[in-house]
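Heads up, protein.cif below (mmCIF, C-alpha atoms):
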data_entry
loop_
_atom_site.label_atom_id
_atom_site.label_comp_id
_atom_site.auth_asym_id
_atom_site.auth_seq_id
_atom_site.Cartn_x
_atom_site.Cartn_y
_atom_site.Cartn_z
CA MET Z 1 -59.86 20.74 28.60
CA HIS Z 2 -57.58 19.55 31.37
CA HIS Z 3 -57.46 16.07 29.82
CA GLU Z 4 -56.64 17.50 26.39
CA ILE Z 5 -53.70 19.47 27.79
CA GLU Z 6 -52.44 16.41 29.68
CA TYR Z 7 -52.75 14.34 26.49
CA LEU Z 8 -50.79 16.88 24.42
CA TYR Z 9 -48.11 17.10 27.13
CA THR Z 10 -47.77 13.32 27.22
CA MET Z 11 -47.51 13.08 23.44
CA GLY Z 12 -44.91 15.84 23.34
CA ARG Z 13 -42.87 14.15 26.02
CA LYS Z 14 -42.97 10.84 24.14
CA ARG Z 15 -41.87 12.56 20.93
CA ASN Z 16 -38.95 14.17 22.76
CA GLN Z 17 -38.02 10.85 24.32
CA GLY Z 18 -38.17 9.20 20.89
CA LYS Z 19 -35.91 11.88 19.43
CA ALA Z 20 -33.50 11.45 22.34
CA ARG Z 21 -33.38 7.69 21.83
CA LYS Z 22 -32.83 8.16 18.10
CA ALA Z 23 -30.02 10.64 18.72
CA ALA Z 24 -28.43 8.29 21.26
CA ARG Z 25 -28.54 5.41 18.76
CA ALA Z 26 -27.00 7.61 16.07
CA LYS Z 27 -24.24 8.72 18.45
CA ALA Z 28 -23.55 5.12 19.47
CA LYS Z 29 -23.38 4.15 15.80
CA GLU Z 30 -20.89 6.94 15.11
CA ALA Z 31 -18.81 5.88 18.13
CA GLU Z 32 -18.83 2.29 16.90
CA ALA Z 33 -17.69 3.42 13.44
CA LEU Z 34 -14.92 5.50 15.01
CA ALA Z 35 -13.75 2.59 17.16
CA LYS Z 36 -13.72 0.31 14.12
CA LEU Z 37 -11.53 2.76 12.19
CA GLN Z 38 -9.15 3.15 15.11
CA ARG Z 39 -8.88 -0.62 15.57
CA ALA Z 40 -8.09 -0.88 11.86
CA GLY Z 41 -5.07 1.38 12.39
CA LEU Z 42 -6.59 4.76 11.56
CA SER Z 43 -5.74 6.32 14.89
CA HIS Z 44 -6.10 9.80 13.38
CA ALA Z 45 -9.89 9.37 13.15
CA LYS Z 46 -11.58 11.89 15.46
CA MET Z 47 -15.12 12.59 16.60
CA SER Z 48 -16.35 16.16 16.99
CA GLU Z 49 -18.78 17.39 19.65
CA ASP Z 50 -21.69 16.93 17.24
CA GLY Z 51 -20.85 13.21 17.00
CA ALA Z 52 -19.53 13.26 13.43
CA VAL Z 53 -16.39 11.30 12.56
CA HIS Z 54 -13.91 13.53 10.72
CA ILE Z 55 -11.37 11.73 8.57
CA CYS Z 56 -10.33 11.45 4.94
CA LEU Z 57 -9.91 7.80 4.03
CA HIS Z 58 -8.01 8.74 0.86
CA GLY Z 59 -10.33 6.70 -1.34
CA ALA Z 60 -10.71 3.63 0.87
CA GLY Z 61 -14.21 2.23 1.35
CA PRO Z 62 -15.67 0.50 4.42
CA LEU Z 63 -14.78 -2.98 3.13
CA CYS Z 64 -11.10 -2.04 3.43
CA PHE Z 65 -11.31 -2.01 7.22
CA GLU Z 66 -13.36 -5.11 7.93
CA GLY Z 67 -13.87 -8.64 6.70
CA ILE Z 68 -11.51 -10.82 4.73
CA CYS Z 69 -9.63 -8.03 2.92
CA HIS Z 70 -8.79 -6.38 6.23
CA GLU Z 71 -7.70 -9.73 7.68
CA PHE Z 72 -5.60 -10.42 4.58
CA VAL Z 73 -3.67 -7.15 4.84
CA THR Z 74 -3.00 -7.78 8.53
CA ALA Z 75 -1.80 -11.35 7.92
CA PHE Z 76 0.34 -10.39 4.90
CA ARG Z 77 2.06 -7.65 6.89
CA GLN Z 78 2.73 -9.98 9.82
CA GLU Z 79 4.19 -12.69 7.57
CA PHE Z 80 6.40 -10.15 5.79
CA PHE Z 81 8.02 -9.02 9.02
CA TYR Z 82 8.24 -12.58 10.34
CA ALA Z 83 10.25 -13.43 7.21
CA ALA Z 84 12.39 -10.33 7.66
CA ASP Z 85 13.29 -11.50 11.17
CA HIS Z 86 13.95 -15.13 10.27
CA ILE Z 87 15.51 -15.13 6.77
CA GLY Z 88 19.20 -14.33 6.87
CA ASP Z 89 20.23 -11.35 4.70
CA ALA Z 90 16.69 -11.13 3.34
CA ASP Z 91 15.82 -8.39 0.89
CA PRO Z 92 12.24 -7.15 0.31
CA SER Z 93 11.63 -9.57 -2.57
CA ASP Z 94 12.42 -12.58 -0.36
CA CYS Z 95 10.07 -11.33 2.36
CA LEU Z 96 7.26 -10.51 -0.08
CA ILE Z 97 7.41 -13.95 -1.65
CA ALA Z 98 7.49 -15.57 1.80
CA ALA Z 99 4.45 -13.52 2.88
CA GLU Z 100 2.56 -14.57 -0.24
CA ASP Z 101 3.42 -18.25 0.29
CA ALA Z 102 2.33 -18.07 3.93
CA THR Z 103 -1.05 -16.48 3.15
CA LYS Z 104 -1.92 -18.05 -0.20
CA ASP Z 105 -4.02 -20.94 1.13
CA GLU Z 106 -5.90 -19.14 3.90
CA PHE Z 107 -6.63 -16.11 1.70
CA ALA Z 108 -6.96 -17.80 -1.69
CA GLU Z 109 -10.17 -15.90 -2.42
CA VAL Z 110 -8.21 -12.63 -2.17
CA TRP Z 111 -5.16 -13.78 -4.10
CA ASN Z 112 -7.38 -15.10 -6.91
CA ASP Z 113 -9.85 -12.21 -7.11
CA SER Z 114 -8.67 -8.90 -8.55
CA ASP Z 115 -11.62 -7.01 -7.05
CA LYS Z 116 -10.78 -8.17 -3.52
CA MET Z 117 -7.12 -7.51 -4.17
CA GLU Z 118 -7.98 -3.95 -5.21
CA ILE Z 119 -9.82 -3.48 -1.91
CA ALA Z 120 -6.71 -4.62 -0.03
CA ILE Z 121 -4.59 -2.23 -2.09
CA SER Z 122 -6.97 0.65 -1.29
CA ARG Z 123 -6.46 -0.08 2.41
CA LEU Z 124 -2.68 0.10 1.99
CA LEU Z 125 -2.88 3.31 -0.04
CA SER Z 126 -5.13 4.92 2.57
CA GLU Z 127 -2.76 4.03 5.40
CA GLY Z 128 0.31 5.06 3.43
CA ALA Z 129 -1.10 8.45 2.44
CA GLN Z 130 -1.91 9.18 6.06
CA HIS Z 131 1.57 8.09 7.17
CA ILE Z 132 3.04 10.63 4.74
CA LEU Z 133 0.82 13.40 6.09
CA GLU Z 134 2.01 12.55 9.61
CA GLY Z 135 5.68 12.44 8.58
CA GLU Z 136 5.96 8.68 9.12
CA HIS Z 137 7.88 7.93 5.94
CA TYR Z 138 9.29 4.62 7.17
CA ASP Z 139 5.77 3.20 7.58
CA ALA Z 140 4.68 4.76 4.28
CA HIS Z 141 7.51 2.92 2.49
CA GLU Z 142 6.16 -0.37 3.85
CA ASN Z 143 2.64 0.33 2.61
CA ALA Z 144 3.96 1.42 -0.79
CA VAL Z 145 5.98 -1.77 -1.25
CA PHE Z 146 3.04 -3.97 -0.24
CA ALA Z 147 0.65 -2.08 -2.54
CA ARG Z 148 3.07 -2.17 -5.48
CA TYR Z 149 3.63 -5.92 -5.00
CA LEU Z 150 -0.11 -6.61 -5.01
CA GLU Z 151 -0.54 -4.39 -8.10
CA GLN Z 152 2.15 -6.42 -9.83
CA HIS Z 153 0.41 -9.64 -8.78
CA ILE Z 154 -2.83 -8.46 -10.42
CA ALA Z 155 -1.05 -7.48 -13.65
CA PHE Z 156 1.14 -10.59 -13.87
CA GLU Z 157 -0.91 -13.40 -12.32
CA LEU Z 158 -4.56 -12.38 -12.60
CA LYS Z 159 -4.94 -10.15 -15.65
CA GLN Z 160 -1.76 -11.36 -17.40
CA THR Z 161 -1.00 -7.98 -18.92
CA GLN Z 162 2.76 -8.30 -18.36
CA ALA Z 163 5.27 -11.11 -18.71
CA ASN Z 164 6.97 -10.86 -15.29
CA MET Z 165 6.86 -9.16 -11.93
CA ASN Z 166 8.70 -5.84 -12.20
CA TRP Z 167 10.96 -6.05 -9.16
CA VAL Z 168 12.78 -2.84 -10.07
CA LYS Z 169 9.59 -0.82 -9.56
CA ILE Z 170 8.98 -2.56 -6.24
CA GLU Z 171 12.49 -1.96 -4.97
CA ASP Z 172 12.44 1.68 -6.10
CA LEU Z 173 10.14 2.16 -3.11
CA TRP Z 174 12.31 0.30 -0.63
CA ARG Z 175 16.06 -0.11 -0.84
CA THR Z 176 17.71 -3.28 0.44
CA SER Z 177 19.65 -1.32 3.05
CA ASP Z 178 18.10 0.35 6.11
CA THR Z 179 20.14 3.45 5.30
CA MET Z 180 19.06 3.55 1.66
CA ARG Z 181 15.30 3.91 1.68
CA GLY Z 182 13.61 4.95 -1.54
CA ASP Z 183 13.52 8.71 -1.99
CA VAL Z 184 10.61 10.75 -0.64
CA HIS Z 185 9.80 12.18 -4.08
CA THR Z 186 9.11 8.69 -5.46
CA LEU Z 187 7.21 7.74 -2.32
CA VAL Z 188 4.84 10.73 -2.31
CA LYS Z 189 4.30 10.55 -6.07
CA PHE Z 190 3.35 6.87 -5.79
CA PHE Z 191 0.52 7.61 -3.37
CA ARG Z 192 -0.50 10.93 -4.96
CA LYS Z 193 -1.17 9.20 -8.30
CA ARG Z 194 -3.37 6.57 -6.66
CA VAL Z 195 -5.52 8.35 -4.08
CA PRO Z 196 -8.54 10.31 -5.40
CA CYS Z 197 -8.33 13.10 -2.81
CA SER Z 198 -6.07 16.16 -2.89
CA CYS Z 199 -4.57 15.52 0.55
CA LEU Z 200 -1.05 14.97 -0.81
CA GLU Z 201 -0.89 17.92 -3.19
CA LYS Z 202 0.87 20.25 -0.74
CA LYS Z 203 3.32 17.54 0.30
CA TYR Z 204 4.13 16.75 -3.32
CA GLU Z 205 4.95 20.40 -4.00
CA GLU Z 206 7.41 20.23 -1.09
CA VAL Z 207 9.25 17.13 -2.31
CA LYS Z 208 9.03 17.19 -6.12
CA SER Z 209 12.44 18.86 -6.42
CA ILE Z 210 14.11 15.93 -4.62
CA THR Z 211 16.12 13.75 -6.99
CA LYS Z 212 14.57 10.38 -7.76
CA MET Z 213 16.93 7.55 -6.92
CA GLY Z 214 17.38 4.16 -8.52
CA ARG Z 215 19.67 1.16 -8.20
CA CYS Z 216 22.55 -0.31 -10.13
CA TYR Z 217 22.20 -4.09 -9.91
CA ASN Z 218 25.92 -4.73 -10.36
CA PRO Z 219 27.00 -5.94 -6.88
CA GLU Z 220 30.46 -4.56 -7.55
CA CYS Z 221 29.23 -1.09 -8.54
CA PRO Z 222 31.71 1.51 -7.22
CA ILE Z 223 28.83 3.71 -6.03
CA PRO Z 224 27.90 2.86 -2.41
CA CYS Z 225 25.00 0.36 -2.36
CA GLY Z 226 24.54 1.07 -6.08
CA PHE Z 227 22.21 3.91 -5.06
CA VAL Z 228 22.23 6.30 -8.03
CA GLU Z 229 20.10 8.96 -9.69
CA ARG Z 230 17.33 7.14 -11.52
CA SER Z 231 17.71 9.30 -14.62
CA LYS Z 232 21.22 7.86 -15.03
CA THR Z 233 20.09 4.22 -14.91
CA PHE Z 234 18.88 2.02 -17.77
CA TYR Z 235 17.22 -1.39 -17.99
CA CYS Z 236 18.82 -4.50 -19.40
CA SER Z 237 17.29 -4.42 -22.90
CA ARG Z 238 16.89 -8.22 -23.07
CA CYS Z 239 15.09 -9.05 -19.83
CA ARG Z 240 14.06 -5.61 -18.54
CA GLY Z 241 14.52 -7.07 -15.07
CA VAL Z 242 17.53 -5.13 -13.75
CA THR Z 243 18.98 -1.65 -14.10
CA TYR Z 244 22.55 -0.37 -14.31
CA CYS Z 245 24.28 2.96 -13.92
CA SER Z 246 26.80 2.42 -16.75
CA ARG Z 247 27.76 0.06 -19.55
CA GLU Z 248 30.83 -0.86 -17.52
CA CYS Z 249 28.66 -2.08 -14.65
CA GLN Z 250 26.42 -3.98 -17.04
CA LYS Z 251 29.42 -5.77 -18.58
CA ALA Z 252 30.91 -6.51 -15.16
CA ASP Z 253 27.65 -8.14 -14.04
CA TRP Z 254 27.00 -10.12 -17.21
CA THR Z 255 28.55 -13.40 -16.03
CA GLU Z 256 26.32 -13.35 -12.95
CA HIS Z 257 23.23 -12.01 -14.72
CA LYS Z 258 23.35 -14.06 -17.94
CA GLN Z 259 21.53 -17.17 -16.73
CA CYS Z 260 18.65 -15.21 -15.21
CA CYS Z 261 18.57 -12.88 -18.21
CA ASP Z 262 18.21 -15.78 -20.67
CA LYS Z 263 15.24 -17.20 -18.74
CA LEU Z 264 13.47 -13.87 -18.42
CA ALA Z 265 14.10 -12.99 -22.07
CA ALA Z 266 12.60 -16.31 -23.14
CA ILE Z 267 9.49 -15.68 -21.03
CA ILE Z 268 9.09 -12.20 -22.54
CA ALA Z 269 9.51 -13.54 -26.08
CA GLU Z 270 6.83 -16.17 -25.48
CA PHE Z 271 4.51 -13.60 -23.88
CA GLU Z 272 4.88 -11.15 -26.78
CA ALA Z 273 4.64 -13.80 -29.53
#
Please lay out the structure from this file as structure tokens.
Amino acid sequence: MHHEIEYLYTMGRKRNQGKARKAARAKAKEAEALAKLQRAGLSHAKMSEDGAVHICLHGAGPLCFEGICHEFVTAFRQEFFYAADHIGDADPSDCLIAAEDATKDEFAEVWNDSDKMEIAISRLLSEGAQHILEGEHYDAHENAVFARYLEQHIAFELKQTQANMNWVKIEDLWRTSDTMRGDVHTLVKFFRKRVPCSCLEKKYEEVKSITKMGRCYNPECPIPCGFVERSKTFYCSRCRGVTYCSRECQKADWTEHKQCCDKLAAIIAEFEA
């Protein structure tokens, strides 16, 4: 009888030890996952007392924060800001093109694969949505511009569903002047339409009454920086590559715009033939 009791006690102790080891491994795994998210830039990830990581990734999967897609986003961002610091009077389009050129060889498998590109975009959308929730609109603008540029790359280069890159849509999210950032309504709407969660619903209700702003591409536009209500702008009907606030501004810019317009119009005509 004594031996039976000792045996049962020993078996119970071993089971408890096994459970403790299993719980410790699970907790270590959760801690590792948390650390990985925080290293990836998701500093808002938190772990509760029960060891669970609490965070909404706004639709991003685990591949967004590790491997080549994660490395691509990091490198693209670095090259963009390197270009911004070293190209005189650079606007976002110059820096985006420079970032693409600088990363195209090393990350060819991302640039040439729409599925991998979508993973990179999901990472940017996840970060941008969280920036909005934390009131970091400057950083959210950056993520929006990067995501929009990569979306345009997929449509134009990979899937060939459009004739040109739509630079107007890209620049709607980031003005060329530090004092003329894209409006918050446009910014929040951009992310809200793309993330599957409802995290941005409340924020959108707060900002949806803000006037959406656009740009007049006439450099001599009398409106400061050409920053005008988007509802008052219209596209050049031939190339659909620039917008104006009035017919007067369109006529004033025609001498400068004509050469580019002819080229873009020819590309569109060939694409739609």
From the list Z:Val188, Z:Cys221, Z:Val73, Z:Ala155, which residue is nearest Z:Ala129 when using only C-alpha atoms?
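Ranking Z:Val188, Z:Cys221, Z:Val73, Z:Ala155 by distance to Z:Ala129, first place goes to Z:Val188.
Closest approach to Z:Phe72 from the set Z:Leu125, Z:Ala140, Z:Met117, Z:Ile210 is made by Z:Met117, with distances taken over all atoms listed in the file.
Minimum atom-to-atom distance to Z:Cys56, evaluated using only C-alpha atoms, belongs to Z:Pro196 out of Z:Pro196, Z:Gly241, Z:Pro222, Z:Gly214.
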Out of Z:Cys236, Z:Ala163, Z:Leu124, Z:Ala266, which residue has the shortest atom-to-atom distance to Z:Cys64 when counting all atoms listed in the file?
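Looking at the shortest contact to Z:Cys64, the residue is Z:Leu124.
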Just checking: using all atoms listed in the file, which residue out of Z:Ile68, Z:Val184, Z:Ile132, Z:Cys261 ends up closest to Z:Leu200?
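Answer, going by the shortest atom-to-atom distance: Z:Ile132.
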What does the distance between atom CA of Z:Asn166 and atom CA of Z:His153 come to in Å, to one decimal place?
9.7 Å
